[in-house]
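Visitor: If you scroll down you'll find the structure; I have some questions about it.
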Amino acid sequence: MSTEKSAGDGEPTLKILVLHGPNLNLLGTREPHIYGKTTLEEINNRLLERAHRLAVELEIHQSNHEGDLINVIHKNMFRVDGIIINPGAFTHYSYAIRDALSATGLPIIEVHLSNIYSREDFRKISVIAPITEGQITGLGAFGYELALEGIVEIIKNKKTGDMQC
Ligand code: DQA
């Protein structure tokens with residue numbers, strides 16, 4: 001899934017990889033009291049709309065398999081400018097996904113629909129967070145839109161050498 005729009009100012013269009021981890025394909029019906037009623041398709045459509053407004057291009061993938069997510073990271077690491085990822089349960093134990101993300105050298109934002117710090121103890125640990133620019137947790141589907149706004153700002157600031165973010 002992708003959308004393309006020229007920034008119109010001679011700058012190359014920014015490309016962002018959006019990754020959804022295991023069980024996020026079930027959003028809408030999966031424990032809606034925790035994850036909300038918004039489906040993954042609705043989240044992706046909102047992201048695509050916002051990407052269009054920001055004149056950035058998105059590459060969106062969901063997988064229930066650790067190796068698939070790693071392969072998608074490898075495939076896209078020289079094609080994209082940043083990564084937004086909700087690693088699902090891999091957040092809490094996948095050193096392999098952390099290493100793959102870290103190897104890209106790209107800015108990364110981690111997103112969680114639920115507030116992982118207000119849930120079971122095992123969810124309070126993210127092995128991914130230390131190699132990210134930041135984490136958005138507990139703001140539901142809107143968290144992805146904030147992540148997109150944030151990563152675009154971070155990438156632009158890095159390009160202009162502005163270190164505010
Ligand atoms: C999640 C939180 C994880 O602990 C859980 O395993 C998920 C979803 C979230 O978006 O809140 O699958 O990443």
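Residues in the structure tokens are named by chain (A, B, ... in the order shown) and by number from 1 within that chain; ligands are numbered from 1 in the order shown.
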List the spatial neighbours of Arg119 of chain A as a compact mmCIF listing (two decimals) with C-alpha atoms, in the first residue's frame - criterion: any atom at most 12 Å away, only C-alpha atoms, same-chain residues fewer than 4 positions off excluded.
Guide:
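What ended up in selection17.txt:
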# COMPACT_ATOMS: atom_id res chain seq x y z
CA ILE A 34 -8.33 -2.31 25.19
CA SER A 114 -2.95 0.83 24.60
CA ASN A 115 -0.87 2.31 27.40
CA ARG A 123 4.17 -5.23 28.74
CA LYS A 124 5.98 -2.52 30.68
CA ILE A 125 9.26 -3.52 29.05
CA THR A 137 1.52 4.72 23.88
CA GLY A 138 -2.09 4.77 25.01
Visitor: Using only C-alpha atoms and all ligand atoms, which residues of the polymer chains come no farther than 8 Å from ligand 1? I'd like the answer as a VMD selection string.
Guide: chain A and resid 21 to 24 34 to 35 86 to 92 111 to 116 123 137 to 138 140
Visitor: Separation of atom CA of Asp99 of chain A and atom CA of Leu58 of chain A, in Å?
Guide: 22.4 Å
Visitor: Which one is closest to Arg79 of chain A: A:Leu27, A:Leu40, A:Ile136, A:Leu106? Count only C-alpha atoms.
Guide: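 Of A:Leu27, A:Leu40, A:Ile136, A:Leu106, the one nearest Arg79 of chain A, counting only C-alpha atoms, is A:Leu106.
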Visitor: Give the alpha helix (DSSP H) residues of segment 8-41 of chain A, as DSSP finds them on the backbone, and put them as a ChimeraX atom specification.
Guide: /A:32-35,40-41
Visitor: Only C-alpha atoms, please: the residues just picked out, written as an mmCIF file, in the first residue's frame.
Guide:
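What landed in part-v2.cif:
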data_model
loop_
_atom_site.group_PDB
_atom_site.id
_atom_site.type_symbol
_atom_site.label_atom_id
_atom_site.label_comp_id
_atom_site.auth_asym_id
_atom_site.auth_seq_id
_atom_site.Cartn_x
_atom_site.Cartn_y
_atom_site.Cartn_z
ATOM 1 C CA PRO A 32 -12.077 -3.532 21.734
ATOM 2 C CA HIS A 33 -12.152 -2.383 25.380
ATOM 3 C CA ILE A 34 -8.332 -2.306 25.193
ATOM 4 C CA TYR A 35 -7.534 -1.605 21.549
ATOM 5 C CA LEU A 40 -6.415 -1.698 10.786
ATOM 6 C CA GLU A 41 -7.802 -0.689 7.401
#
Visitor: Could you give me, as CSV, a per-residue list for segment 31-107 of chain A showing, wherever an atom lies at most 8 Å from an atom of segment 141-144 of chain A, the closest pair of atoms and their distance in Å to one decimal, using only C-alpha atoms and sorting by chain then residue number from low to high?
Guide:
residue,atom,partner,partner_atom,distance
A:Gly36,CA,A:Ala141,CA,7.8
A:Thr38,CA,A:Ala141,CA,7.0
A:Ile43,CA,A:Ala141,CA,6.3
A:Leu47,CA,A:Tyr144,CA,7.2
A:Ile84,CA,A:Tyr144,CA,7.9
Visitor: So that I have them on file, write out the residues from the current selection with C-alpha atoms, as a compact mmCIF listing (two decimals), in the first residue's frame.
Guide:
# COMPACT_ATOMS: atom_id res chain seq x y z
CA GLY A 36 -10.64 0.29 20.41
CA THR A 38 -11.03 1.10 14.76
CA ILE A 43 -5.98 3.27 10.65
CA LEU A 47 -2.53 7.52 7.75
CA ILE A 84 6.79 3.87 12.35
Visitor: Distance atom CA of Gln62 of chain A-atom CA of Lys159 of chain A, one decimal place?
Guide: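 Those two atoms sit 28.8 Å apart.
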Visitor: Run DSSP on the backbone and grab whatever in segment 4-82 of chain A lands in strand (DSSP E or B); send it over as a list in words.
Guide: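 Residues meeting the strand (DSSP E or B) criterion: Lys15, Ile16, Leu17, Val18, Leu19, His20, Glu57, Leu58, Glu59, Ile60, His61, Gln62 and Gly82 of chain A.
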Visitor: Could you turn the residues from that selection into a file that holds C-alpha atoms, as a tab-separated table (two decimals), in the first residue's frame?
Guide:
chain	number	residue	atom	x	y	z
A	15	LYS	CA	9.04	7.95	2.34
A	16	ILE	CA	7.95	6.37	5.59
A	17	LEU	CA	7.66	2.65	6.31
A	18	VAL	CA	4.72	1.77	8.59
A	19	LEU	CA	4.89	-1.67	10.21
A	20	HIS	CA	2.12	-3.40	12.14
A	57	GLU	CA	4.77	8.56	0.69
A	58	LEU	CA	3.88	5.55	2.86
A	59	GLU	CA	4.77	1.88	2.55
A	60	ILE	CA	2.50	-0.08	4.92
A	61	HIS	CA	2.86	-3.72	5.99
A	62	GLN	CA	1.32	-5.97	8.62
A	82	GLY	CA	11.95	6.72	8.65
Visitor: Have a look at A:Leu101, A:Ile109, A:Ile73, A:Ala96 and name the one nearest to Ile154 of chain A; count only C-alpha atoms.
Guide: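 Comparing A:Leu101, A:Ile109, A:Ile73, A:Ala96 against Ile154 of chain A, the winner is A:Ile109.
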Visitor: For the atom pair atom CA of Val127 of chain A and atom CA of Tyr95 of chain A, what is the interatomic distance in Å to one decimal place?
Guide: 6.7 Å
Visitor: Rank A:Ile70, A:Ile83, A:Leu54, A:Met77 by their smallest atom-to-atom distance to Ile97 of chain A, using only C-alpha atoms, and report the top residue only.
Guide: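 Selected residue with least distance to Ile97 of chain A: A:Ile70.
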